[in-house]
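Below is the file upload08.txt, which contains compact mmCIF, C-alpha atoms.
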# COMPACT_ATOMS: atom_id res chain seq x y z
CA MET A 1 0.00 0.00 0.00
CA ILE A 2 1.17 3.50 -0.82
CA SER A 3 -0.06 5.99 1.71
CA ILE A 4 0.02 9.73 1.02
CA ASP A 5 -0.93 12.54 3.35
CA ILE A 6 0.55 15.84 2.18
CA GLU A 7 -0.05 19.56 2.31
CA LYS A 8 1.74 22.04 0.06
CA ARG A 9 1.11 25.69 -0.69
CA LEU A 10 1.08 26.39 -4.41
CA LYS A 11 1.75 29.78 -5.95
CA THR A 12 -0.92 30.27 -8.56
CA TYR A 13 -2.17 33.01 -10.83
CA ASN A 14 -4.78 33.96 -8.22
CA GLY A 15 -2.42 33.93 -5.25
CA GLN A 16 -1.75 31.00 -2.98
CA GLN A 17 -3.64 27.73 -3.02
CA LEU A 18 -3.39 24.71 -0.76
CA LEU A 19 -2.79 21.29 -2.25
CA LYS A 20 -4.02 18.76 0.29
CA ILE A 21 -4.11 15.09 -0.59
CA VAL A 22 -4.91 12.21 1.76
CA ARG A 23 -5.11 8.96 -0.14
CA GLN A 24 -4.02 5.36 -0.18
CA PHE A 25 -3.15 3.48 -3.35
CA PRO A 26 -3.16 -0.35 -3.26
CA MET A 27 0.00 -1.92 -4.71
CA GLY A 28 -0.52 -2.85 -8.36
CA SER A 29 -3.36 -0.39 -8.85
CA ILE A 30 -3.52 2.00 -11.81
CA THR A 31 -4.99 5.37 -10.91
CA LYS A 32 -5.86 8.19 -13.24
CA ILE A 33 -5.56 11.66 -11.79
CA TYR A 34 -7.37 14.58 -13.30
CA GLY A 35 -8.73 18.01 -12.52
CA PRO A 36 -8.44 21.61 -13.68
CA SER A 37 -5.09 23.13 -14.69
CA GLY A 38 -2.95 24.50 -11.90
CA VAL A 39 -4.47 22.53 -9.01
CA GLY A 40 -1.23 20.66 -8.34
CA LYS A 41 -1.45 17.37 -10.25
CA THR A 42 2.14 17.56 -11.46
CA THR A 43 3.29 18.84 -8.05
CA LEU A 44 1.73 15.78 -6.40
CA LEU A 45 3.77 13.48 -8.67
CA LYS A 46 6.95 15.49 -7.99
CA ILE A 47 6.39 15.25 -4.23
CA ILE A 48 5.96 11.48 -4.46
CA ALA A 49 9.13 11.19 -6.58
CA GLY A 50 11.08 13.38 -4.14
CA PHE A 51 11.76 16.25 -6.56
CA THR A 52 9.99 18.75 -4.35
CA LYS A 53 9.01 18.82 -0.68
CA PRO A 54 5.64 19.66 0.87
CA GLU A 55 5.33 21.87 3.97
CA LYS A 56 3.65 18.99 5.81
CA GLY A 57 3.43 15.39 4.87
CA LEU A 58 3.87 11.68 5.32
CA ILE A 59 4.51 9.27 2.45
CA THR A 60 4.97 5.57 3.07
CA ILE A 61 5.31 2.75 0.59
CA GLU A 62 4.90 -0.80 1.91
CA ASP A 63 5.85 0.29 5.46
CA VAL A 64 8.94 2.19 4.29
CA THR A 65 8.76 5.91 5.03
CA TRP A 66 9.91 8.07 2.12
CA LEU A 67 8.86 11.36 3.65
CA ASP A 68 7.88 12.44 7.11
CA THR A 69 8.11 16.16 7.74
CA ALA A 70 7.46 15.63 11.47
CA SER A 71 10.57 13.48 11.95
CA LYS A 72 12.44 15.21 9.07
CA THR A 73 12.72 11.92 7.16
CA PHE A 74 13.41 12.34 3.46
CA VAL A 75 14.50 9.58 1.11
CA PRO A 76 16.19 11.16 -1.96
CA PRO A 77 14.78 10.44 -5.44
CA GLN A 78 17.81 8.28 -6.30
CA LYS A 79 16.85 5.85 -3.54
CA ARG A 80 13.13 5.83 -4.35
CA MET A 81 13.72 4.55 -7.92
CA VAL A 82 10.33 5.75 -9.06
CA GLY A 83 9.71 5.58 -12.80
CA PHE A 84 8.76 9.07 -13.97
CA VAL A 85 7.40 10.13 -17.35
CA PHE A 86 7.75 13.90 -17.61
CA GLN A 87 5.27 16.17 -19.33
CA ASP A 88 8.16 17.73 -21.32
CA TYR A 89 9.67 14.22 -21.79
CA ALA A 90 13.01 15.37 -20.27
CA LEU A 91 14.98 13.33 -22.81
CA PHE A 92 18.74 13.76 -22.79
CA PRO A 93 19.74 15.63 -26.00
CA ASN A 94 23.22 14.05 -26.03
CA MET A 95 21.97 10.45 -26.00
CA THR A 96 20.49 8.24 -28.70
CA ALA A 97 17.29 6.30 -28.05
CA LEU A 98 19.32 3.19 -27.20
CA GLU A 99 21.70 5.13 -24.95
CA HIS A 100 18.72 6.44 -22.96
CA LEU A 101 17.74 2.89 -22.10
CA GLU A 102 21.33 1.73 -21.56
CA TYR A 103 21.81 4.64 -19.14
CA ALA A 104 18.90 3.28 -17.12
CA THR A 105 19.60 -0.47 -17.27
CA LYS A 106 22.23 -2.97 -18.40
CA ASP A 107 19.62 -5.65 -19.14
CA LYS A 108 19.89 -6.08 -22.93
CA GLU A 109 16.89 -8.40 -23.24
CA TRP A 110 14.71 -5.99 -21.32
CA ILE A 111 15.89 -3.11 -23.54
CA ASP A 112 15.03 -5.10 -26.68
CA ARG A 113 11.59 -5.87 -25.34
CA LEU A 114 10.94 -2.24 -24.43
CA LEU A 115 12.06 -1.06 -27.86
CA LYS A 116 9.59 -3.50 -29.42
CA ILE A 117 6.75 -2.29 -27.21
CA GLY A 118 7.51 1.33 -28.11
CA LYS A 119 8.01 0.47 -31.82
CA LEU A 120 11.39 2.18 -31.71
CA GLU A 121 13.61 -0.73 -32.86
CA SER A 122 14.55 1.04 -36.07
CA LEU A 123 15.30 4.34 -34.36
CA THR A 124 17.83 3.24 -31.74
CA THR A 125 20.64 5.43 -33.12
CA HIS A 126 18.48 8.55 -33.31
CA LYS A 127 18.89 11.40 -30.85
CA PRO A 128 15.73 13.09 -29.52
CA GLU A 129 15.98 16.02 -31.94
CA HIS A 130 15.59 13.53 -34.81
CA LEU A 131 12.51 11.87 -33.34
CA SER A 132 8.91 13.05 -33.75
CA GLY A 133 6.94 14.23 -30.72
CA GLY A 134 5.15 10.90 -30.44
CA GLN A 135 8.40 8.94 -30.73
CA GLN A 136 10.00 11.13 -28.06
CA GLN A 137 7.09 10.54 -25.73
CA ARG A 138 7.27 6.78 -26.28
CA LEU A 139 10.99 6.87 -25.53
CA ALA A 140 10.28 8.78 -22.31
CA ILE A 141 7.84 6.03 -21.27
CA LEU A 142 10.32 3.27 -22.13
CA ARG A 143 13.12 4.98 -20.19
CA ALA A 144 10.92 5.17 -17.10
CA LEU A 145 10.07 1.48 -17.47
CA ALA A 146 13.70 0.48 -18.01
CA ILE A 147 14.34 0.39 -14.25
CA LYS A 148 11.33 -1.95 -13.74
CA PRO A 149 9.84 0.46 -11.19
CA LYS A 150 7.52 -0.66 -8.43
CA LEU A 151 5.88 2.76 -8.70
CA LEU A 152 5.43 4.59 -12.01
CA LEU A 153 4.36 8.23 -12.19
CA MET A 154 3.21 9.48 -15.59
CA ASP A 155 2.47 13.11 -16.39
CA GLU A 156 0.35 13.44 -19.54
CA PRO A 157 2.15 10.42 -21.05
CA PHE A 158 0.05 9.97 -24.19
CA SER A 159 -0.59 13.59 -25.23
CA ALA A 160 1.57 13.47 -28.39
CA ILE A 161 0.88 9.87 -29.46
CA ASP A 162 -1.55 9.26 -32.31
CA PRO A 163 -4.83 7.44 -31.42
CA GLU A 164 -3.98 4.20 -33.22
CA MET A 165 -0.54 3.90 -31.63
CA LYS A 166 -2.00 4.94 -28.27
CA THR A 167 -4.51 2.06 -28.25
CA VAL A 168 -1.81 -0.50 -29.05
CA LEU A 169 0.66 1.01 -26.58
CA ILE A 170 -1.84 1.17 -23.71
CA ALA A 171 -2.70 -2.51 -24.23
CA GLU A 172 1.01 -3.43 -24.18
CA LEU A 173 1.62 -1.31 -21.09
CA LYS A 174 -1.28 -2.90 -19.24
CA THR A 175 0.27 -6.34 -19.76
CA LEU A 176 3.64 -5.01 -18.63
CA PHE A 177 2.25 -3.36 -15.49
CA ASP A 178 0.48 -6.60 -14.52
CA GLU A 179 3.68 -8.56 -15.08
CA LEU A 180 5.84 -6.19 -13.02
CA GLY A 181 3.17 -5.56 -10.39
CA THR A 182 3.73 -1.85 -10.92
CA THR A 183 1.58 0.70 -9.15
CA VAL A 184 0.83 3.50 -11.59
CA LEU A 185 -0.40 7.06 -11.14
CA ILE A 186 -1.29 8.80 -14.42
CA VAL A 187 -2.07 12.49 -14.71
CA SER A 188 -4.21 13.19 -17.74
CA HIS A 189 -6.32 15.98 -19.14
CA ASN A 190 -8.17 13.37 -21.14
CA PRO A 191 -9.16 10.72 -18.56
CA GLN A 192 -11.39 8.87 -21.04
CA GLU A 193 -8.31 7.65 -22.90
CA LEU A 194 -7.35 5.69 -19.77
CA ASP A 195 -10.69 3.92 -19.34
CA GLY A 196 -9.32 0.55 -20.39
CA LEU A 197 -6.16 0.94 -18.33
CA ALA A 198 -6.97 2.60 -15.01
CA ASN A 199 -8.90 0.87 -12.24
CA ALA A 200 -9.12 3.83 -9.87
CA GLU A 201 -9.28 7.60 -10.06
CA LEU A 202 -8.32 10.66 -8.09
CA ILE A 203 -9.91 13.99 -8.89
CA ILE A 204 -8.07 17.04 -7.61
CA HIS A 205 -10.03 20.30 -7.39
CA MET B 206 65.03 37.52 -30.27
CA ASP B 207 64.17 35.70 -27.02
CA ILE B 208 61.20 33.40 -27.60
CA THR B 209 60.98 32.31 -23.93
CA PRO B 210 58.22 34.84 -23.01
CA ILE B 211 55.94 33.27 -25.63
CA TRP B 212 56.50 29.74 -24.27
CA LEU B 213 56.09 31.01 -20.72
CA THR B 214 52.81 32.70 -21.67
CA LEU B 215 51.46 29.55 -23.35
CA LYS B 216 52.53 27.43 -20.37
CA LEU B 217 50.85 29.84 -17.95
CA ALA B 218 47.65 29.97 -20.02
CA GLY B 219 47.57 26.17 -20.38
CA ILE B 220 48.08 25.45 -16.68
CA THR B 221 45.62 28.18 -15.65
CA THR B 222 42.96 26.85 -18.02
CA LEU B 223 43.39 23.26 -16.79
CA LEU B 224 43.25 24.32 -13.15
CA LEU B 225 40.23 26.54 -13.74
CA LEU B 226 38.45 23.76 -15.60
CA ALA B 227 38.90 21.49 -12.58
CA ILE B 228 37.82 24.21 -10.13
CA GLY B 229 35.29 25.95 -12.36
CA LEU B 230 33.09 23.02 -13.40
CA PRO B 231 31.98 21.98 -9.90
CA LEU B 232 31.88 25.58 -8.69
CA ALA B 233 29.72 26.73 -11.62
CA TRP B 234 27.44 23.72 -11.08
CA TRP B 235 27.06 24.58 -7.40
CA LEU B 236 26.37 28.24 -8.19
CA SER B 237 23.82 27.32 -10.86
CA LYS B 238 21.62 25.51 -8.33
CA GLY B 239 19.41 27.85 -6.31
CA ARG B 240 20.19 31.24 -4.82
CA SER B 241 21.30 31.92 -1.29
CA PHE B 242 22.96 34.97 0.26
CA PHE B 243 26.17 32.98 0.68
CA LYS B 244 26.18 32.06 -3.03
CA ILE B 245 25.61 35.69 -4.00
CA ILE B 246 28.65 36.72 -1.94
CA ILE B 247 30.81 33.98 -3.52
CA GLU B 248 29.64 34.94 -7.00
CA ALA B 249 30.40 38.60 -6.32
CA ILE B 250 33.93 37.70 -5.20
CA ILE B 251 34.46 35.58 -8.34
CA THR B 252 33.19 38.44 -10.52
CA MET B 253 35.37 41.13 -8.88
CA PRO B 254 38.35 40.69 -11.27
CA LEU B 255 36.07 41.74 -14.14
CA VAL B 256 35.56 45.20 -12.68
CA LEU B 257 38.60 45.69 -10.49
CA PRO B 258 41.76 47.29 -11.97
CA PRO B 259 44.25 44.41 -12.41
CA SER B 260 46.88 46.38 -10.51
CA VAL B 261 44.60 46.50 -7.44
CA LEU B 262 44.15 42.75 -7.48
CA GLY B 263 47.87 42.29 -8.05
CA PHE B 264 48.68 44.67 -5.17
CA TYR B 265 46.54 42.75 -2.68
CA LEU B 266 47.92 39.41 -3.87
CA LEU B 267 51.40 40.84 -3.44
CA LEU B 268 50.57 41.87 0.13
CA ALA B 269 48.79 38.60 0.94
CA PHE B 270 51.59 36.36 -0.31
CA SER B 271 54.56 38.44 0.70
CA PRO B 272 57.00 36.11 2.50
CA GLN B 273 57.48 38.75 5.18
CA HIS B 274 54.08 38.33 6.81
CA GLY B 275 50.73 36.55 6.98
CA VAL B 276 49.82 33.73 4.62
CA GLY B 277 52.96 34.22 2.52
CA LYS B 278 55.21 33.83 5.53
CA TRP B 279 53.34 30.74 6.68
CA LEU B 280 53.55 29.14 3.21
CA GLN B 281 57.25 29.93 3.01
CA GLN B 282 58.01 28.48 6.47
CA THR B 283 55.70 25.46 6.30
CA PHE B 284 55.92 24.32 2.69
CA ASN B 285 58.87 26.35 1.42
CA VAL B 286 56.57 27.78 -1.26
CA GLN B 287 56.88 31.36 -2.43
CA PHE B 288 54.19 32.94 -4.59
CA VAL B 289 55.71 36.37 -4.99
CA PHE B 290 58.07 36.80 -7.97
CA SER B 291 57.70 33.15 -9.00
CA PHE B 292 55.91 31.21 -11.75
CA GLN B 293 53.53 29.59 -9.26
CA GLY B 294 52.58 33.11 -8.16
CA LEU B 295 51.66 33.91 -11.76
CA VAL B 296 49.52 30.77 -11.91
CA LEU B 297 47.73 31.69 -8.67
CA ALA B 298 47.08 35.25 -9.85
CA SER B 299 45.90 34.05 -13.27
CA VAL B 300 43.52 31.52 -11.75
CA ILE B 301 41.91 34.25 -9.64
CA TYR B 302 41.97 36.83 -12.42
CA SER B 303 40.49 34.58 -15.13
CA MET B 304 37.99 32.74 -12.93
CA PRO B 305 34.89 34.71 -14.06
CA PHE B 306 35.66 33.82 -17.68
CA MET B 307 35.46 30.10 -16.85
CA ILE B 308 32.59 30.21 -14.34
CA GLY B 309 30.29 32.66 -16.15
CA PRO B 310 29.52 30.78 -19.40
CA ILE B 311 29.32 27.37 -17.67
CA LYS B 312 27.01 28.58 -14.92
CA SER B 313 24.77 30.37 -17.38
CA ALA B 314 24.53 27.28 -19.65
CA LEU B 315 23.74 24.98 -16.71
CA GLN B 316 20.96 27.32 -15.56
CA GLN B 317 19.38 27.16 -19.00
CA LEU B 318 19.08 23.37 -18.95
CA PRO B 319 15.61 22.25 -17.85
CA VAL B 320 15.63 20.97 -14.27
CA SER B 321 13.65 17.96 -15.49
CA LEU B 322 16.86 16.58 -17.08
CA SER B 323 18.46 16.21 -13.65
CA HIS B 324 15.22 14.87 -12.19
CA ALA B 325 14.94 12.27 -14.94
CA SER B 326 18.47 11.10 -14.21
CA TYR B 327 17.86 10.97 -10.44
CA SER B 328 14.71 8.93 -11.01
CA LEU B 329 16.89 6.32 -12.72
CA GLY B 330 18.94 6.03 -9.53
CA LYS B 331 21.88 8.11 -10.75
CA THR B 332 23.88 10.20 -8.31
CA LYS B 333 24.35 13.96 -8.70
CA TRP B 334 27.90 13.40 -9.94
CA GLN B 335 26.84 10.76 -12.51
CA THR B 336 24.10 13.14 -13.66
CA PHE B 337 26.57 15.98 -14.04
CA ILE B 338 29.10 13.92 -16.01
CA LYS B 339 26.69 11.96 -18.22
CA VAL B 340 23.78 14.37 -18.70
CA LEU B 341 24.53 17.99 -17.81
CA ALA B 342 28.13 18.52 -18.96
CA PRO B 343 27.65 16.91 -22.43
CA ASN B 344 24.71 19.23 -23.08
CA ILE B 345 26.64 22.44 -22.47
CA LYS B 346 29.56 21.66 -24.82
CA PRO B 347 29.48 24.97 -26.78
CA SER B 348 29.51 27.01 -23.56
CA LEU B 349 32.23 24.78 -22.13
CA LEU B 350 34.40 25.40 -25.18
CA THR B 351 33.70 29.14 -25.03
CA ALA B 352 34.71 29.18 -21.35
CA ILE B 353 37.95 27.27 -22.04
CA VAL B 354 38.97 29.50 -24.95
CA LEU B 355 38.03 32.74 -23.17
CA THR B 356 40.03 31.70 -20.11
CA PHE B 357 43.04 30.72 -22.20
CA ALA B 358 42.91 33.89 -24.34
CA HIS B 359 42.34 36.14 -21.33
CA THR B 360 45.35 34.64 -19.54
CA LEU B 361 47.49 35.27 -22.63
CA GLY B 362 46.69 38.95 -22.37
CA GLU B 363 47.24 39.47 -18.63
CA PHE B 364 49.53 42.31 -17.73
CA GLY B 365 48.78 44.25 -14.56
CA VAL B 366 48.25 41.34 -12.15
CA VAL B 367 51.18 39.41 -13.57
CA LEU B 368 53.52 42.39 -13.34
CA MET B 369 52.51 43.14 -9.73
CA ILE B 370 52.94 39.65 -8.32
CA GLY B 371 55.57 38.27 -10.70
CA GLY B 372 57.65 41.26 -11.70
CA ASN B 373 59.79 40.91 -14.80
CA ILE B 374 62.22 38.04 -14.26
CA PRO B 375 63.45 36.60 -17.60
CA GLY B 376 62.60 32.91 -17.97
CA VAL B 377 60.52 32.89 -14.77
CA THR B 378 57.84 35.58 -14.83
CA ARG B 379 58.57 37.60 -17.97
CA VAL B 380 55.52 36.64 -20.05
CA ALA B 381 54.80 37.96 -23.56
CA SER B 382 52.63 40.92 -22.52
CA ILE B 383 55.41 42.14 -20.20
CA ALA B 384 58.02 41.49 -22.90
CA VAL B 385 56.05 43.80 -25.24
CA TYR B 386 56.06 46.57 -22.63
CA ASP B 387 59.71 45.96 -21.81
CA SER B 388 60.74 46.05 -25.50
CA VAL B 389 58.93 49.33 -26.04
CA GLU B 390 60.61 50.77 -22.94
CA GLN B 391 63.95 49.82 -24.50
CA MET B 392 62.87 51.30 -27.85
CA ASP B 393 63.10 47.82 -29.42
CA TYR B 394 59.95 48.18 -31.52
CA ALA B 395 60.82 45.23 -33.76
CA ALA B 396 60.81 42.78 -30.84
CA ALA B 397 57.63 44.36 -29.42
CA ASN B 398 56.02 43.94 -32.82
CA VAL B 399 56.94 40.25 -33.06
CA TYR B 400 55.62 39.49 -29.56
CA SER B 401 52.43 41.45 -30.27
CA LEU B 402 51.86 39.77 -33.63
CA ILE B 403 52.28 36.29 -32.14
CA LEU B 404 49.83 37.10 -29.31
CA PHE B 405 47.40 38.63 -31.79
CA ALA B 406 47.61 35.61 -34.13
CA ILE B 407 47.09 33.04 -31.35
CA THR B 408 44.09 34.81 -29.83
CA PHE B 409 42.56 35.51 -33.25
CA VAL B 410 42.81 31.85 -34.28
CA LEU B 411 41.29 30.76 -30.96
CA VAL B 412 38.36 33.15 -31.17
CA ILE B 413 37.71 32.24 -34.83
CA ALA B 414 37.76 28.54 -33.91
CA VAL B 415 35.11 29.12 -31.24
CA PHE B 416 32.92 31.08 -33.64
CA ILE B 417 33.18 28.32 -36.26
CA PHE B 418 32.44 25.57 -33.74
CA ASN B 419 29.51 27.43 -32.23
CA LYS B 420 28.13 28.23 -35.69
CA TYR B 421 27.39 24.52 -36.09
CA GLN B 422 26.03 24.29 -32.56
CA LEU B 423 23.79 27.34 -32.80
CA LYS B 424 20.66 25.25 -32.63
CA SER B 425 20.12 24.32 -29.04
CA PRO B 426 20.07 20.54 -28.53
CA LEU B 427 16.90 21.08 -26.52
CA GLU B 428 14.95 22.62 -29.38

Let's see the structure in the file written out as structure tokens.
Amino acid sequence: MISIDIEKRLKTYNGQQLLKIVRQFPMGSITKIYGPSGVGKTTLLKIIAGFTKPEKGLITIEDVTWLDTASKTFVPPQKRMVGFVFQDYALFPNMTALEHLEYATKDKEWIDRLLKIGKLESLTTHKPEHLSGGQQQRLAILRALAIKPKLLLMDEPFSAIDPEMKTVLIAELKTLFDELGTTVLIVSHNPQELDGLANAELIIH
Amino acid sequence: MDITPIWLTLKLAGITTLLLLAIGLPLAWWLSKGRSFFKIIIEAIITMPLVLPPSVLGFYLLLAFSPQHGVGKWLQQTFNVQFVFSFQGLVLASVIYSMPFMIGPIKSALQQLPVSLSHASYSLGKTKWQTFIKVLAPNIKPSLLTAIVLTFAHTLGEFGVVLMIGGNIPGVTRVASIAVYDSVEQMDYAAANVYSLILFAITFVLVIAVFIFNKYQLKSPLE
């Protein structure tokens, strides 16, 4: 079980706003997160990954405390090993598609399988600037999966992928998540696209 | 004509650039992350040589490292090292004097990289150092080259600081810029011209090389 109880003040266009989330996510569940822009969906993912800290909060994953502001416990992102798909992809401009995956894992078989899932086998020597938006986004998903994460956080992961590819990819990912037992939180502005994938939802207002 | 000042200048510029690369990379990285009052003070100190007359910097270095008192005396007695009127003194002065030319471009380039690049690397379990070496540094290559060339070229042209702390000892501290001044003082315009032309040619070639390299790197890798 992943247990989250956090409070963070967000600076918004209209002044300050409080992001308060109290929620438990069963291990292996796939949750879609949606709500209006600027309510803190991305911030929630960043807090869970350890990229930013809330003013108050407690995050535990299977009885291991990642964050406890009361006891000043903070596990750095490097130790959390959370798969993260960034909204801006955050691909490394100096690395080819294959190098992205090799940077994350040394498991050649796993890399080959991921490349097949993302339909990027023929583009392994291409750097991000020579990939289309959809290909870049698929690479970002594959890189996050390369570490076989127990927890995967995805921020608008399918926004640039064409509908046909999206359907195939989501089906492949569902199989993969089941196999790895990955718990997944997906932020999306288009929650309907995740109907076949997600089995829970979190609406942030 | 004595060619030693040219070799001495190139040696000084080479050593200074290498030392500043080793010091400047981690320092620029540290300065690029967040702002605190302490960092602002450090950055101001690093930037001072840009606005301070070189003779002022040289004067204070001369006082600080004088073997008669303070740090200079301690270094002389403990390690038998003397910075005043020695080549190592020139290196020390050059490192301080050229530091903003190494730190500035690197820090600025690192600040322009999206923070999500570091985050992505951390999420894969990579340390800050691995992230810096494998992700950040390779993506600021043009700025890194600019910093290296600017530092090297700026050290070639040093005069005031070098003269104050090193004096004009042939074969030890008499670098090309001082040799030009010295030749003119002695009315040897031919020698001054040769030294000047060599310095001009080296710096011109270096600057042209940077412009050519950066012309092909104009498009940001993040576009």

Practice task
Compile the residues of chain B that lie within 8 Å of chain A, evaluated using all atoms listed in the file, and express the compilation as a list in words.
Solution key: Pro319, Ser321, Leu322, His324, Ala325, Tyr327, Ser328, Leu329, Gly330, Lys331, Thr332, Val340, Pro343, Asn344, Pro426, Leu427 and Glu428 of chain B

To box range 335-343 of chain B, take all atoms listed in the file, fit an axis-aligned box, add 8 Å on each side, and give centre and edge lengths in Å to one decimal, as lines of an AutoDock Vina configuration file.
center_x = 26.4
center_y = 14.6
center_z = -17.5
size_x = 21.3
size_y = 23.8
size_z = 25.9

Practice task
Have a look at CA of Val367 in chain B and CA of Tyr265 in chain B and let me know their distance in Å, one decimal.
Solution key: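 For CA of Val367 in chain B relative to CA of Tyr265 in chain B, the distance reads 12.3 Å.
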
Handout entry: Test item: residues at most 10 Å from His359 in chain B, all atoms listed in the file, excluding those fewer than 6 positions along its chain, as JSON, numbers by chain
Key = {"B": [218, 222, 299, 302, 303, 306, 353, 408]}

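By all atoms listed in the file, and with residues fewer than 3 positions from Ala200 in chain A along its chain excluded, the set lying at most 12 Å from it is Arg23, Gln24, Phe25, Pro26, Met27, Gly28, Ser29, Ile30, Thr31, Lys32, Ile33, Tyr34, Thr183, Val184, Leu185, Ile186, Pro191, Leu194, Asp195, Gly196, Leu197 and Ile203 of chain A.
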
For the residues selected in the previous step, produce a file with C-alpha atoms as a CSV table (one decimal), in the coordinates of the input.
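As written to disk, result19.csv reads:
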chain,number,residue,atom,x,y,z
A,23,ARG,CA,-5.1,9.0,-0.1
A,24,GLN,CA,-4.0,5.4,-0.2
A,25,PHE,CA,-3.2,3.5,-3.4
A,26,PRO,CA,-3.2,-0.4,-3.3
A,27,MET,CA,0.0,-1.9,-4.7
A,28,GLY,CA,-0.5,-2.8,-8.4
A,29,SER,CA,-3.4,-0.4,-8.8
A,30,ILE,CA,-3.5,2.0,-11.8
A,31,THR,CA,-5.0,5.4,-10.9
A,32,LYS,CA,-5.9,8.2,-13.2
A,33,ILE,CA,-5.6,11.7,-11.8
A,34,TYR,CA,-7.4,14.6,-13.3
A,183,THR,CA,1.6,0.7,-9.2
A,184,VAL,CA,0.8,3.5,-11.6
A,185,LEU,CA,-0.4,7.1,-11.1
A,186,ILE,CA,-1.3,8.8,-14.4
A,191,PRO,CA,-9.2,10.7,-18.6
A,194,LEU,CA,-7.4,5.7,-19.8
A,195,ASP,CA,-10.7,3.9,-19.3
A,196,GLY,CA,-9.3,0.6,-20.4
A,197,LEU,CA,-6.2,0.9,-18.3
A,203,ILE,CA,-9.9,14.0,-8.9

Exercise for the section: Extract, using all atoms listed in the file, all DNA, RNA and protein residues at most 12 Å from Val415 in chain B, discarding same-chain residues fewer than 6 positions from it, and format them as a VMD selection string. Expected result: chain B and resid 346 to 355 358 408 to 409 421 to 423

Output file for the selection above: C-alpha atoms, as an mmCIF file, in the frame of the given file:
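Result saved to again27.cif:
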data_model
loop_
_atom_site.group_PDB
_atom_site.id
_atom_site.type_symbol
_atom_site.label_atom_id
_atom_site.label_comp_id
_atom_site.auth_asym_id
_atom_site.auth_seq_id
_atom_site.Cartn_x
_atom_site.Cartn_y
_atom_site.Cartn_z
ATOM 1 C CA LYS B 346 29.560 21.660 -24.820
ATOM 2 C CA PRO B 347 29.480 24.970 -26.780
ATOM 3 C CA SER B 348 29.510 27.010 -23.560
ATOM 4 C CA LEU B 349 32.230 24.780 -22.130
ATOM 5 C CA LEU B 350 34.400 25.400 -25.180
ATOM 6 C CA THR B 351 33.700 29.140 -25.030
ATOM 7 C CA ALA B 352 34.710 29.180 -21.350
ATOM 8 C CA ILE B 353 37.950 27.270 -22.040
ATOM 9 C CA VAL B 354 38.970 29.500 -24.950
ATOM 10 C CA LEU B 355 38.030 32.740 -23.170
ATOM 11 C CA ALA B 358 42.910 33.890 -24.340
ATOM 12 C CA THR B 408 44.090 34.810 -29.830
ATOM 13 C CA PHE B 409 42.560 35.510 -33.250
ATOM 14 C CA TYR B 421 27.390 24.520 -36.090
ATOM 15 C CA GLN B 422 26.030 24.290 -32.560
ATOM 16 C CA LEU B 423 23.790 27.340 -32.800
#

Practice task
May I have the residues within 8 Å of Leu267 in chain B as a PyMOL selection string, using all atoms listed in the file and disregarding those fewer than 4 positions away in the same chain?
Solution key: chain B and resi 263+271+289+369-370
